[in-house]
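Novice: Input file: structure-v9.pdb. Contents: PDB, C-alpha atoms, pLDDT in the B column.
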ATOM      1  CA  MET I   1     -16.594  25.073 -13.209  1.00 86.00           C
ATOM      2  CA  THR I   2     -14.289  22.426 -11.742  1.00 96.00           C
ATOM      3  CA  VAL I   3     -16.455  21.728  -8.687  1.00 98.00           C
ATOM      4  CA  LEU I   4     -20.144  20.908  -9.102  1.00 98.00           C
ATOM      5  CA  VAL I   5     -22.664  21.025  -6.242  1.00 98.00           C
ATOM      6  CA  GLU I   6     -25.901  19.060  -6.300  1.00 96.00           C
ATOM      7  CA  HIS I   7     -28.717  19.241  -3.749  1.00 96.00           C
ATOM      8  CA  ALA I   8     -30.658  16.051  -2.991  1.00 94.00           C
ATOM      9  CA  ASP I   9     -33.087  16.861  -0.201  1.00 93.00           C
ATOM     10  CA  ARG I  10     -30.895  17.179   2.919  1.00 97.00           C
ATOM     11  CA  ILE I  11     -27.844  15.698   1.170  1.00 98.00           C
ATOM     12  CA  ARG I  12     -25.215  17.853  -0.559  1.00 98.00           C
ATOM     13  CA  LEU I  13     -23.183  16.181  -3.312  1.00 98.00           C
ATOM     14  CA  ILE I  14     -19.879  17.957  -3.996  1.00 98.00           C
ATOM     15  CA  ARG I  15     -18.173  16.715  -7.140  1.00 98.00           C
ATOM     16  CA  ILE I  16     -14.648  17.296  -8.442  1.00 98.00           C
ATOM     17  CA  ASP I  17     -15.254  17.886 -12.147  1.00 98.00           C
ATOM     18  CA  ARG I  18     -11.952  17.623 -13.993  1.00 97.00           C
ATOM     19  CA  PRO I  19     -12.315  14.248 -15.754  1.00 96.00           C
ATOM     20  CA  ALA I  20      -9.714  15.095 -18.403  1.00 95.00           C
ATOM     21  CA  HIS I  21      -7.195  15.350 -15.524  1.00 94.00           C
ATOM     22  CA  ARG I  22      -8.564  12.318 -13.621  1.00 95.00           C
ATOM     23  CA  ASN I  23     -10.013  14.876 -11.193  1.00 97.00           C
ATOM     24  CA  ALA I  24      -6.576  16.023 -10.084  1.00 94.00           C
ATOM     25  CA  VAL I  25      -6.891  19.159  -7.980  1.00 96.00           C
ATOM     26  CA  ASP I  26      -5.195  22.402  -9.019  1.00 95.00           C
ATOM     27  CA  ARG I  27      -5.150  25.587  -6.946  1.00 96.00           C
ATOM     28  CA  SER I  28      -8.453  26.930  -8.256  1.00 96.00           C
ATOM     29  CA  THR I  29     -10.229  23.611  -7.708  1.00 97.00           C
ATOM     30  CA  ALA I  30      -8.858  23.395  -4.163  1.00 97.00           C
ATOM     31  CA  GLU I  31     -10.259  26.838  -3.401  1.00 97.00           C
ATOM     32  CA  LYS I  32     -13.658  25.879  -4.807  1.00 98.00           C
ATOM     33  CA  LEU I  33     -13.735  22.659  -2.780  1.00 98.00           C
ATOM     34  CA  ALA I  34     -12.983  24.499   0.455  1.00 98.00           C
ATOM     35  CA  HIS I  35     -15.687  27.061  -0.332  1.00 98.00           C
ATOM     36  CA  ALA I  36     -18.243  24.339  -1.153  1.00 98.00           C
ATOM     37  CA  PHE I  37     -17.666  22.534   2.145  1.00 98.00           C
ATOM     38  CA  ARG I  38     -17.824  25.731   4.171  1.00 98.00           C
ATOM     39  CA  ASP I  39     -21.119  26.520   2.489  1.00 98.00           C
ATOM     40  CA  PHE I  40     -22.392  23.017   3.307  1.00 98.00           C
ATOM     41  CA  ASP I  41     -21.366  23.380   6.946  1.00 98.00           C
ATOM     42  CA  ARG I  42     -23.236  26.695   7.252  1.00 98.00           C
ATOM     43  CA  ASP I  43     -26.434  25.566   5.515  1.00 97.00           C
ATOM     44  CA  PRO I  44     -29.068  24.535   8.098  1.00 96.00           C
ATOM     45  CA  GLU I  45     -30.945  22.531   5.452  1.00 96.00           C
ATOM     46  CA  ALA I  46     -27.948  20.320   4.585  1.00 98.00           C
ATOM     47  CA  HIS I  47     -27.241  17.391   6.942  1.00 98.00           C
ATOM     48  CA  VAL I  48     -24.713  15.202   5.109  1.00 98.00           C
ATOM     49  CA  ALA I  49     -22.270  15.799   2.239  1.00 98.00           C
ATOM     50  CA  ILE I  50     -20.951  13.281  -0.277  1.00 98.00           C
ATOM     51  CA  LEU I  51     -17.598  14.015  -1.923  1.00 98.00           C
ATOM     52  CA  LEU I  52     -17.127  12.325  -5.307  1.00 98.00           C
ATOM     53  CA  GLY I  53     -15.530  12.758  -8.710  1.00 98.00           C
ATOM     54  CA  THR I  54     -16.789  12.912 -12.280  1.00 97.00           C
ATOM     55  CA  GLY I  55     -16.278  10.134 -14.788  1.00 96.00           C
ATOM     56  CA  GLY I  56     -15.700   7.152 -12.525  1.00 96.00           C
ATOM     57  CA  THR I  57     -12.584   8.490 -10.803  1.00 97.00           C
ATOM     58  CA  PHE I  58     -12.515   9.983  -7.332  1.00 98.00           C
ATOM     59  CA  CYS I  59      -9.277  11.996  -7.426  1.00 98.00           C
ATOM     60  CA  ALA I  60      -5.733  11.455  -8.674  1.00 95.00           C
ATOM     61  CA  GLY I  61      -4.270  13.901  -6.151  1.00 93.00           C
ATOM     62  CA  ALA I  62      -2.735  17.300  -6.814  1.00 90.00           C
ATOM     63  CA  ASP I  63      -2.378  18.362 -10.444  1.00 90.00           C
ATOM     64  CA  LEU I  64       1.281  17.595 -11.153  1.00 85.00           C
ATOM     65  CA  HIS I  65       1.017  19.204 -14.594  1.00 88.00           C
ATOM     66  CA  ALA I  66       0.116  22.504 -12.932  1.00 88.00           C
ATOM     67  CA  ILE I  67       2.953  22.085 -10.422  1.00 82.00           C
ATOM     68  CA  ALA I  68       5.430  21.293 -13.206  1.00 83.00           C
ATOM     69  CA  SER I  69       4.350  24.440 -15.085  1.00 86.00           C
ATOM     70  CA  GLY I  70       5.094  26.608 -12.042  1.00 84.00           C
ATOM     71  CA  THR I  71       1.548  27.082 -10.699  1.00 85.00           C
ATOM     72  CA  PRO I  72       1.436  24.958  -7.530  1.00 83.00           C
ATOM     73  CA  ASN I  73      -1.414  24.621  -5.104  1.00 87.00           C
ATOM     74  CA  ARG I  74      -1.532  26.877  -2.047  1.00 86.00           C
ATOM     75  CA  LEU I  75       1.393  26.066   0.266  1.00 82.00           C
ATOM     76  CA  GLU I  76       0.917  27.817   3.598  1.00 86.00           C
ATOM     77  CA  VAL I  77       1.085  26.327   7.069  1.00 86.00           C
ATOM     78  CA  ASP I  78      -2.118  28.124   8.120  1.00 88.00           C
ATOM     79  CA  GLY I  79      -5.430  28.467   6.324  1.00 89.00           C
ATOM     80  CA  ASP I  80      -6.685  26.135   3.620  1.00 92.00           C
ATOM     81  CA  ALA I  81      -4.623  23.079   2.711  1.00 91.00           C
ATOM     82  CA  PRO I  82      -3.104  22.396  -0.717  1.00 93.00           C
ATOM     83  CA  MET I  83      -6.039  20.135  -1.664  1.00 95.00           C
ATOM     84  CA  GLY I  84      -8.552  22.614  -0.213  1.00 96.00           C
ATOM     85  CA  PRO I  85     -10.764  21.402   2.647  1.00 97.00           C
ATOM     86  CA  SER I  86      -8.508  18.847   4.337  1.00 94.00           C
ATOM     87  CA  ARG I  87      -7.783  21.105   7.341  1.00 94.00           C
ATOM     88  CA  LEU I  88     -11.440  21.939   7.957  1.00 95.00           C
ATOM     89  CA  ARG I  89     -13.198  20.551  11.021  1.00 94.00           C
ATOM     90  CA  LEU I  90     -16.821  20.349   9.930  1.00 96.00           C
ATOM     91  CA  HIS I  91     -19.800  19.977  12.236  1.00 95.00           C
ATOM     92  CA  LYS I  92     -21.610  17.542   9.920  1.00 98.00           C
ATOM     93  CA  PRO I  93     -20.700  14.181   8.381  1.00 98.00           C
ATOM     94  CA  VAL I  94     -18.933  13.862   5.029  1.00 98.00           C
ATOM     95  CA  ILE I  95     -18.968  10.622   3.020  1.00 98.00           C
ATOM     96  CA  ALA I  96     -16.287  10.026   0.381  1.00 98.00           C
ATOM     97  CA  LEU I  97     -17.467   7.981  -2.615  1.00 98.00           C
ATOM     98  CA  LEU I  98     -14.365   6.232  -3.941  1.00 98.00           C
ATOM     99  CA  GLN I  99     -14.493   5.157  -7.581  1.00 98.00           C
ATOM    100  CA  GLY I 100     -11.660   4.400  -9.959  1.00 98.00           C
ATOM    101  CA  HIS I 101      -8.557   5.807  -8.280  1.00 97.00           C
ATOM    102  CA  ALA I 102      -8.342   7.688  -4.977  1.00 98.00           C
ATOM    103  CA  VAL I 103      -4.607   8.176  -4.760  1.00 97.00           C
ATOM    104  CA  ALA I 104      -1.997  10.584  -3.365  1.00 95.00           C
ATOM    105  CA  GLY I 105      -3.860  13.748  -2.340  1.00 96.00           C
ATOM    106  CA  GLY I 106      -7.082  12.019  -3.373  1.00 98.00           C
ATOM    107  CA  LEU I 107      -6.472   9.404  -0.687  1.00 98.00           C
ATOM    108  CA  GLU I 108      -5.848  12.233   1.770  1.00 97.00           C
ATOM    109  CA  LEU I 109      -9.209  13.806   0.888  1.00 98.00           C
ATOM    110  CA  ALA I 110     -10.823  10.401   1.392  1.00 98.00           C
ATOM    111  CA  CYS I 111      -9.182  10.073   4.827  1.00 97.00           C
ATOM    112  CA  TRP I 112     -10.437  13.560   5.722  1.00 97.00           C
ATOM    113  CA  ALA I 113     -14.027  12.405   5.221  1.00 98.00           C
ATOM    114  CA  HIS I 114     -15.800  10.759   8.139  1.00 98.00           C
ATOM    115  CA  LEU I 115     -17.051   7.728   6.183  1.00 98.00           C
ATOM    116  CA  ARG I 116     -15.856   6.050   2.987  1.00 98.00           C
ATOM    117  CA  VAL I 117     -17.786   4.020   0.414  1.00 98.00           C
ATOM    118  CA  MET I 118     -15.558   2.226  -2.116  1.00 98.00           C
ATOM    119  CA  GLU I 119     -16.534   0.463  -5.314  1.00 98.00           C
ATOM    120  CA  GLU I 120     -15.153  -3.055  -5.725  1.00 98.00           C
ATOM    121  CA  ASP I 121     -12.921  -2.168  -8.675  1.00 98.00           C
ATOM    122  CA  ALA I 122     -11.492   1.033  -7.171  1.00 98.00           C
ATOM    123  CA  THR I 123      -7.887   1.494  -6.024  1.00 98.00           C
ATOM    124  CA  LEU I 124      -6.342   3.484  -3.181  1.00 98.00           C
ATOM    125  CA  GLY I 125      -2.705   4.307  -2.637  1.00 97.00           C
ATOM    126  CA  VAL I 126       0.040   6.799  -1.835  1.00 95.00           C
ATOM    127  CA  PHE I 127       1.000   6.917  -5.520  1.00 93.00           C
ATOM    128  CA  CYS I 128       2.797  10.237  -5.046  1.00 91.00           C
ATOM    129  CA  ARG I 129       5.630   8.195  -3.497  1.00 90.00           C
ATOM    130  CA  ARG I 130       6.913   7.712  -7.071  1.00 87.00           C
ATOM    131  CA  TRP I 131       7.262  11.426  -7.824  1.00 85.00           C
ATOM    132  CA  GLY I 132       8.788  12.883  -4.680  1.00 85.00           C
ATOM    133  CA  VAL I 133       5.534  14.539  -3.629  1.00 87.00           C
ATOM    134  CA  PRO I 134       5.014  14.339   0.158  1.00 88.00           C
ATOM    135  CA  LEU I 135       1.767  13.735   1.965  1.00 90.00           C
ATOM    136  CA  ILE I 136       0.822  17.266   2.981  1.00 91.00           C
ATOM    137  CA  ASP I 137      -2.969  17.129   3.357  1.00 94.00           C
ATOM    138  CA  GLY I 138      -3.193  15.030   6.507  1.00 93.00           C
ATOM    139  CA  GLY I 139      -2.094  11.652   5.185  1.00 94.00           C
ATOM    140  CA  THR I 140       0.635  11.042   7.742  1.00 92.00           C
ATOM    141  CA  ALA I 141      -1.627  12.295  10.543  1.00 91.00           C
ATOM    142  CA  ARG I 142      -4.837  10.503   9.597  1.00 93.00           C
ATOM    143  CA  LEU I 143      -3.754   7.154   8.146  1.00 95.00           C
ATOM    144  CA  PRO I 144      -2.165   5.934  11.421  1.00 93.00           C
ATOM    145  CA  ARG I 145      -5.285   7.017  13.311  1.00 92.00           C
ATOM    146  CA  LEU I 146      -7.536   5.152  10.901  1.00 96.00           C
ATOM    147  CA  ILE I 147      -5.633   1.890  10.375  1.00 97.00           C
ATOM    148  CA  GLY I 148      -2.813   1.867  12.923  1.00 95.00           C
ATOM    149  CA  GLU I 149       0.839   2.851  12.635  1.00 94.00           C
ATOM    150  CA  SER I 150       2.102  -0.475  11.273  1.00 97.00           C
ATOM    151  CA  ARG I 151      -0.327  -0.678   8.344  1.00 98.00           C
ATOM    152  CA  ALA I 152      -0.005   3.040   7.672  1.00 96.00           C
ATOM    153  CA  MET I 153       3.770   2.743   7.431  1.00 96.00           C
ATOM    154  CA  ASP I 154       3.397   0.023   4.805  1.00 97.00           C
ATOM    155  CA  LEU I 155       1.060   2.135   2.658  1.00 97.00           C
ATOM    156  CA  ILE I 156       2.968   5.380   3.121  1.00 95.00           C
ATOM    157  CA  LEU I 157       6.496   4.085   2.563  1.00 95.00           C
ATOM    158  CA  THR I 158       5.808   1.682  -0.312  1.00 96.00           C
ATOM    159  CA  GLY I 159       3.081   3.623  -2.122  1.00 95.00           C
ATOM    160  CA  ARG I 160       1.576   0.285  -3.171  1.00 96.00           C
ATOM    161  CA  PRO I 161      -2.008  -0.026  -4.457  1.00 96.00           C
ATOM    162  CA  VAL I 162      -4.761  -1.148  -2.092  1.00 98.00           C
ATOM    163  CA  ASP I 163      -7.878  -2.839  -3.436  1.00 98.00           C
ATOM    164  CA  ALA I 164     -11.368  -2.651  -1.980  1.00 98.00           C
ATOM    165  CA  ARG I 165     -11.260  -5.935  -0.061  1.00 98.00           C
ATOM    166  CA  GLU I 166      -8.025  -5.040   1.723  1.00 98.00           C
ATOM    167  CA  ALA I 167      -9.243  -1.506   2.380  1.00 98.00           C
ATOM    168  CA  LEU I 168     -12.344  -2.903   4.092  1.00 98.00           C
ATOM    169  CA  ASP I 169     -10.372  -5.520   6.026  1.00 98.00           C
ATOM    170  CA  ILE I 170      -7.967  -2.946   7.511  1.00 98.00           C
ATOM    171  CA  GLY I 171     -10.702  -0.440   8.334  1.00 98.00           C
ATOM    172  CA  LEU I 172      -9.758   2.132   5.720  1.00 98.00           C
ATOM    173  CA  VAL I 173     -13.241   2.082   4.170  1.00 98.00           C
ATOM    174  CA  HIS I 174     -16.646   1.377   5.677  1.00 98.00           C
ATOM    175  CA  ARG I 175     -18.761   0.031   2.806  1.00 98.00           C
ATOM    176  CA  ILE I 176     -17.972  -1.765  -0.463  1.00 98.00           C
ATOM    177  CA  ALA I 177     -20.309  -1.378  -3.428  1.00 98.00           C
ATOM    178  CA  PRO I 178     -20.458  -3.219  -6.768  1.00 98.00           C
ATOM    179  CA  PRO I 179     -18.978  -1.295  -9.698  1.00 97.00           C
ATOM    180  CA  GLY I 180     -21.305   1.518 -10.665  1.00 97.00           C
ATOM    181  CA  GLU I 181     -23.365   1.166  -7.476  1.00 98.00           C
ATOM    182  CA  GLY I 182     -21.305   3.400  -5.202  1.00 98.00           C
ATOM    183  CA  ARG I 183     -23.521   6.455  -5.610  1.00 98.00           C
ATOM    184  CA  ARG I 184     -26.596   4.463  -4.600  1.00 98.00           C
ATOM    185  CA  VAL I 185     -24.855   3.011  -1.535  1.00 98.00           C
ATOM    186  CA  ALA I 186     -23.459   6.418  -0.511  1.00 98.00           C
ATOM    187  CA  LEU I 187     -26.876   8.058  -0.880  1.00 98.00           C
ATOM    188  CA  GLU I 188     -28.512   5.323   1.197  1.00 98.00           C
ATOM    189  CA  LEU I 189     -25.904   5.774   3.915  1.00 98.00           C
ATOM    190  CA  ALA I 190     -26.347   9.562   3.821  1.00 98.00           C
ATOM    191  CA  ALA I 191     -30.138   9.221   4.014  1.00 97.00           C
ATOM    192  CA  GLN I 192     -29.752   6.990   7.078  1.00 97.00           C
ATOM    193  CA  LEU I 193     -27.649   9.645   8.815  1.00 98.00           C
ATOM    194  CA  CYS I 194     -30.173  12.322   7.891  1.00 97.00           C
ATOM    195  CA  ARG I 195     -32.906  10.451   9.749  1.00 95.00           C
ATOM    196  CA  PHE I 196     -31.180  10.622  13.130  1.00 95.00           C
ATOM    197  CA  PRO I 197     -31.599  13.523  15.601  1.00 94.00           C
ATOM    198  CA  GLN I 198     -29.021  15.928  14.256  1.00 95.00           C
ATOM    199  CA  THR I 199     -27.923  17.741  17.413  1.00 94.00           C
ATOM    200  CA  THR I 200     -26.884  14.462  19.027  1.00 95.00           C
ATOM    201  CA  LEU I 201     -25.251  13.125  15.879  1.00 96.00           C
ATOM    202  CA  ARG I 202     -23.153  16.279  15.477  1.00 96.00           C
ATOM    203  CA  THR I 203     -22.306  16.397  19.181  1.00 94.00           C
ATOM    204  CA  ASP I 204     -20.986  12.834  19.080  1.00 94.00           C
ATOM    205  CA  LEU I 205     -19.102  13.583  15.868  1.00 95.00           C
ATOM    206  CA  ARG I 206     -17.401  16.567  17.504  1.00 93.00           C
ATOM    207  CA  SER I 207     -16.609  14.662  20.696  1.00 91.00           C
ATOM    208  CA  THR I 208     -15.123  11.729  18.777  1.00 92.00           C
ATOM    209  CA  GLN I 209     -12.849  14.004  16.776  1.00 89.00           C
ATOM    210  CA  ARG I 210     -11.788  15.987  19.828  1.00 87.00           C
ATOM    211  CA  ALA I 211     -11.029  12.857  21.848  1.00 85.00           C
ATOM    212  CA  LEU I 212      -8.232  11.959  19.440  1.00 84.00           C
ATOM    213  CA  ASP I 213      -6.376  15.095  20.527  1.00 83.00           C
ATOM    214  CA  LEU I 214      -6.889  14.761  24.283  1.00 76.00           C
ATOM    215  CA  PRO I 215      -5.783  12.537  27.175  1.00 81.00           C
ATOM    216  CA  LEU I 216      -8.540  10.178  28.306  1.00 70.00           C
ATOM    217  CA  ASP I 217      -9.622  12.196  31.381  1.00 81.00           C
ATOM    218  CA  ALA I 218      -9.909  15.397  29.360  1.00 78.00           C
ATOM    219  CA  ALA I 219     -11.732  13.573  26.550  1.00 69.00           C
ATOM    220  CA  LEU I 220     -14.283  12.161  28.997  1.00 71.00           C
ATOM    221  CA  ARG I 221     -14.938  15.615  30.451  1.00 82.00           C
ATOM    222  CA  ALA I 222     -15.270  17.171  26.998  1.00 75.00           C
ATOM    223  CA  GLU I 223     -17.658  14.396  25.937  1.00 67.00           C
ATOM    224  CA  PHE I 224     -19.903  15.059  28.939  1.00 74.00           C
ATOM    225  CA  LEU I 225     -19.963  18.813  28.335  1.00 79.00           C
ATOM    226  CA  ASP I 226     -20.715  18.320  24.634  1.00 73.00           C
ATOM    227  CA  ALA I 227     -23.477  15.837  25.383  1.00 70.00           C
ATOM    228  CA  ALA I 228     -25.341  18.292  27.598  1.00 72.00           C
ATOM    229  CA  ASP I 229     -26.627  20.135  24.536  1.00 73.00           C
ATOM    230  CA  ALA I 230     -27.873  16.932  22.932  1.00 71.00           C
ATOM    231  CA  LEU I 231     -29.555  15.804  26.145  1.00 62.00           C
ATOM    232  CA  GLY I 232     -31.513  19.055  26.236  1.00 68.00           C
ATOM    233  CA  HIS I 233     -32.447  18.989  22.568  1.00 71.00           C
ATOM    234  CA  ASP I 234     -32.876  15.416  21.275  1.00 64.00           C
ATOM    235  CA  THR I 235     -32.971  12.944  24.143  1.00 54.00           C
ATOM    236  CA  ARG I 236     -36.412  13.592  25.673  1.00 62.00           C
ATOM    237  CA  PRO I 237     -38.236  13.420  22.298  1.00 75.00           C
ATOM    238  CA  GLY I 238     -36.251  10.288  21.436  1.00 59.00           C
ATOM    239  CA  ALA I 239     -37.169   8.660  24.731  1.00 54.00           C
ATOM    240  CA  GLU I 240     -40.824   9.490  24.109  1.00 67.00           C
ATOM    241  CA  ARG I 241     -40.715   7.828  20.668  1.00 71.00           C
ATOM    242  CA  PHE I 242     -39.070   4.771  22.218  1.00 59.00           C
ATOM    243  CA  ALA I 243     -41.700   4.580  24.962  1.00 60.00           C
ATOM    244  CA  ALA I 244     -44.404   4.789  22.287  1.00 73.00           C
ATOM    245  CA  GLY I 245     -43.031   1.673  20.597  1.00 72.00           C
ATOM    246  CA  ALA I 246     -40.619   2.899  17.930  1.00 69.00           C
ATOM    247  CA  GLY I 247     -37.418   0.959  17.274  1.00 60.00           C
ATOM    248  CA  ARG I 248     -38.478  -2.349  18.808  1.00 63.00           C
ATOM    249  CA  HIS I 249     -36.173  -5.339  18.293  1.00 56.00           C
ATOM    250  CA  GLY I 250     -33.423  -3.136  16.837  1.00 62.00           C
ATOM    251  CA  SER I 251     -35.589  -1.720  14.056  1.00 63.00           C
ATOM    252  CA  PHE I 252     -34.616   1.594  12.477  1.00 62.00           C
ATOM    253  CA  ASP I 253     -38.191   2.185  11.273  1.00 65.00           C
ATOM    254  CA  ASN I 254     -40.155   5.148  12.622  1.00 61.00           C
ATOM    255  CA  ILE I 255     -37.190   6.592  14.513  1.00 59.00           C
ATOM    256  CA  ASP I 256     -37.407  10.053  12.970  1.00 64.00           C
TER     257      ASP I 256
END
Output the file's structure in the form of structure tokens.

Specialist:
Amino acid sequence: MTVLVEHADRIRLIRIDRPAHRNAVDRSTAEKLAHAFRDFDRDPEAHVAILLGTGGTFCAGADLHAIASGTPNRLEVDGDAPMGPSRLRLHKPVIALLQGHAVAGGLELACWAHLRVMEEDATLGVFCRRWGVPLIDGGTARLPRLIGESRAMDLILTGRPVDAREALDIGLVHRIAPPGEGRRVALELAAQLCRFPQTTLRTDLRSTQRALDLPLDAALRAEFLDAADALGHDTRPGAERFAAGAGRHGSFDNID
């Protein structure tokens, strides 16, 4: 098995398990990753997924050894992407836990996730710049959306390494953890998301993603139509908990 799946209550941990290859993704691993995330998205008991790698490395990108031997990853304009799930639009949040190196296609998988936790000694970068391998799993589409065109151009064209402090400063990651503490921080973040009313959380996730593809007027209309489901499902019970005293002074206690 090159992809391991672990269940932790309502959290699904999906792990790339090719440590001898620095968790580089070959065709078979890409297929397994896509399958694992589809299964997570369909499972009503799973609320949040964490994507991580074995052995202290997130992912070194596509397996260049496999490509050099004539067995490349899937290369089709439709369907699953070369790295597997990076074209999927999931209904639930995914957190990327970035340890060691998250480079080339590994950086693209990280950008595909909704939230990113990075350990202080980890490194990001478009390292495939050195080998003539293009960004083909959403890197050129997502990096400018996440950090702006100017910063994205610097990372994409130079391929230079980015450390945790810079990644946080430019908005590429959301949390920094001490070395070896990333799993704990990612699990705490996932548990926090699990506590919220899920219909509303997923509605706002969908609306936020959709808004990036729409003019403002259309995005506002789509947001309102999406929110109608949440208003009917989560809002009245939430208002009742608030009226009963939960969440006073900004507290997140007793909100679920």

Novice: Quick one: residues within 9 Å of Ala96 of chain I, all atoms listed in the file counted, chain neighbours fewer than 2 positions away excluded, as JSON, numbers by chain?

Specialist: {"I": [49, 50, 51, 52, 58, 94, 98, 109, 110, 111, 112, 113, 114, 115, 116, 117, 118, 186]}

Novice: Take the PyMOL selection byres ((chain I and resi 201) around 12), run it mentally on this structure, and tell me the resulting residues as a list in words.

Specialist: His47, Val48, His91, Lys92, Pro93, Gln192, Leu193, Cys194, Arg195, Phe196, Pro197, Gln198, Thr199, Thr200, Arg202, Thr203, Asp204, Leu205, Arg206, Ser207, Thr208, Asp226, Ala227, Asp229, Ala230, Leu231, His233, Asp234 and Thr235 of chain I

Novice: Given the selection you just returned, output its residues as a file containing C-alpha atoms, formatted as an mmCIF file, in the frame of the given file.

Specialist:
data_model
loop_
_atom_site.group_PDB
_atom_site.id
_atom_site.type_symbol
_atom_site.label_atom_id
_atom_site.label_comp_id
_atom_site.auth_asym_id
_atom_site.auth_seq_id
_atom_site.Cartn_x
_atom_site.Cartn_y
_atom_site.Cartn_z
ATOM 1 C CA HIS I 47 -27.241 17.391 6.942
ATOM 2 C CA VAL I 48 -24.713 15.202 5.109
ATOM 3 C CA HIS I 91 -19.800 19.977 12.236
ATOM 4 C CA LYS I 92 -21.610 17.542 9.920
ATOM 5 C CA PRO I 93 -20.700 14.181 8.381
ATOM 6 C CA GLN I 192 -29.752 6.990 7.078
ATOM 7 C CA LEU I 193 -27.649 9.645 8.815
ATOM 8 C CA CYS I 194 -30.173 12.322 7.891
ATOM 9 C CA ARG I 195 -32.906 10.451 9.749
ATOM 10 C CA PHE I 196 -31.180 10.622 13.130
ATOM 11 C CA PRO I 197 -31.599 13.523 15.601
ATOM 12 C CA GLN I 198 -29.021 15.928 14.256
ATOM 13 C CA THR I 199 -27.923 17.741 17.413
ATOM 14 C CA THR I 200 -26.884 14.462 19.027
ATOM 15 C CA ARG I 202 -23.153 16.279 15.477
ATOM 16 C CA THR I 203 -22.306 16.397 19.181
ATOM 17 C CA ASP I 204 -20.986 12.834 19.080
ATOM 18 C CA LEU I 205 -19.102 13.583 15.868
ATOM 19 C CA ARG I 206 -17.401 16.567 17.504
ATOM 20 C CA SER I 207 -16.609 14.662 20.696
ATOM 21 C CA THR I 208 -15.123 11.729 18.777
ATOM 22 C CA ASP I 226 -20.715 18.320 24.634
ATOM 23 C CA ALA I 227 -23.477 15.837 25.383
ATOM 24 C CA ASP I 229 -26.627 20.135 24.536
ATOM 25 C CA ALA I 230 -27.873 16.932 22.932
ATOM 26 C CA LEU I 231 -29.555 15.804 26.145
ATOM 27 C CA HIS I 233 -32.447 18.989 22.568
ATOM 28 C CA ASP I 234 -32.876 15.416 21.275
ATOM 29 C CA THR I 235 -32.971 12.944 24.143
#

Novice: Starting from the PyMOL selection byres ((chain I and resi 15-21) around 6), expand the selection into actual residues of this file and give them as a PyMOL selection string.

Specialist: chain I and resi 2-4+14+22-24+51-55

Novice: Which residues, written as a PDB file with C-alpha atoms, in the coordinates of the input, have at least one atom at most 8 Å from Glu108 of chain I, with all atoms listed in the file counted and residues fewer than 4 positions away on the same chain left out?

Specialist:
ATOM      1  CA  SER I  86      -8.508  18.847   4.337  1.00 94.00           C
ATOM      2  CA  VAL I 103      -4.607   8.176  -4.760  1.00 97.00           C
ATOM      3  CA  ALA I 104      -1.997  10.584  -3.365  1.00 95.00           C
ATOM      4  CA  TRP I 112     -10.437  13.560   5.722  1.00 97.00           C
ATOM      5  CA  LEU I 135       1.767  13.735   1.965  1.00 90.00           C
ATOM      6  CA  ASP I 137      -2.969  17.129   3.357  1.00 94.00           C
ATOM      7  CA  GLY I 138      -3.193  15.030   6.507  1.00 93.00           C
ATOM      8  CA  GLY I 139      -2.094  11.652   5.185  1.00 94.00           C
TER       9      GLY I 139
END

Novice: Select, from I:Leu168, I:Leu212, I:Ala218, I:Ala81, the residue with the minimum atom-to-atom distance to Arg142 of chain I, counting only C-alpha atoms.

Specialist: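 Using only C-alpha atoms, the shortest distance to Arg142 of chain I belongs to I:Leu212.
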
Novice: Apply the PyMOL selection byres ((chain I and resi 153) around 12) to the structure shown and report the selected residues as a PyMOL selection string.

Specialist: chain I and resi 126+139-145+147-152+154-160

Novice: Rounded to one decimal in Å, what is the spacing between atom CA of Arg210 of chain I and atom CA of Arg89 of chain I?

Specialist: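 Answer for the atom CA of Arg210 of chain I to atom CA of Arg89 of chain I separation: 10.0 Å.
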
Novice: May I have the centre and edge lengths, in Å to one decimal, of an axis-aligned box around the listed atoms of segment 82-85 of chain I with 3 Å added to every side, as lines of an AutoDock Vina configuration file?

Specialist:
center_x = -6.9
center_y = 21.4
center_z = 0.5
size_x = 13.7
size_y = 8.5
size_z = 10.3

Novice: Please list as an MDAnalysis selection string every residue within 6 Å of Gln99 of chain I, counting all atoms listed in the file and excluding residues in the same chain fewer than 6 positions away.

Specialist: chainID I and resid 56:58 119 122

Novice: Working from the structure I just supplied, which lacks atoms in segment 146-152 of chain I, can you model N, CA and C atoms there and output them as a PDB file, in the frame of the given file?

Specialist:
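Resulting contents of result-v5.pdb:
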ATOM      1  N   LEU I 146      -6.475   5.960  11.480  1.00 96.00           N
ATOM      2  CA  LEU I 146      -7.536   5.152  10.901  1.00 96.00           C
ATOM      3  C   LEU I 146      -7.201   3.666  10.899  1.00 96.00           C
ATOM      4  N   ILE I 147      -5.955   3.308  10.578  1.00 97.00           N
ATOM      5  CA  ILE I 147      -5.633   1.890  10.375  1.00 97.00           C
ATOM      6  C   ILE I 147      -4.469   1.400  11.218  1.00 97.00           C
ATOM      7  N   GLY I 148      -3.930   2.253  12.084  1.00 95.00           N
ATOM      8  CA  GLY I 148      -2.813   1.867  12.923  1.00 95.00           C
ATOM      9  C   GLY I 148      -1.472   2.195  12.282  1.00 95.00           C
ATOM     10  N   GLU I 149      -0.467   2.416  13.116  1.00 94.00           N
ATOM     11  CA  GLU I 149       0.839   2.851  12.635  1.00 94.00           C
ATOM     12  C   GLU I 149       1.488   1.827  11.708  1.00 94.00           C
ATOM     13  N   SER I 150       1.402   0.542  12.044  1.00 97.00           N
ATOM     14  CA  SER I 150       2.102  -0.475  11.273  1.00 97.00           C
ATOM     15  C   SER I 150       1.572  -0.543   9.838  1.00 97.00           C
ATOM     16  N   ARG I 151       0.253  -0.629   9.682  1.00 98.00           N
ATOM     17  CA  ARG I 151      -0.327  -0.678   8.344  1.00 98.00           C
ATOM     18  C   ARG I 151      -0.090   0.627   7.598  1.00 98.00           C
ATOM     19  N   ALA I 152      -0.219   1.750   8.322  1.00 96.00           N
ATOM     20  CA  ALA I 152      -0.005   3.040   7.672  1.00 96.00           C
ATOM     21  C   ALA I 152       1.416   3.160   7.138  1.00 96.00           C
TER      22      ALA I 152
END
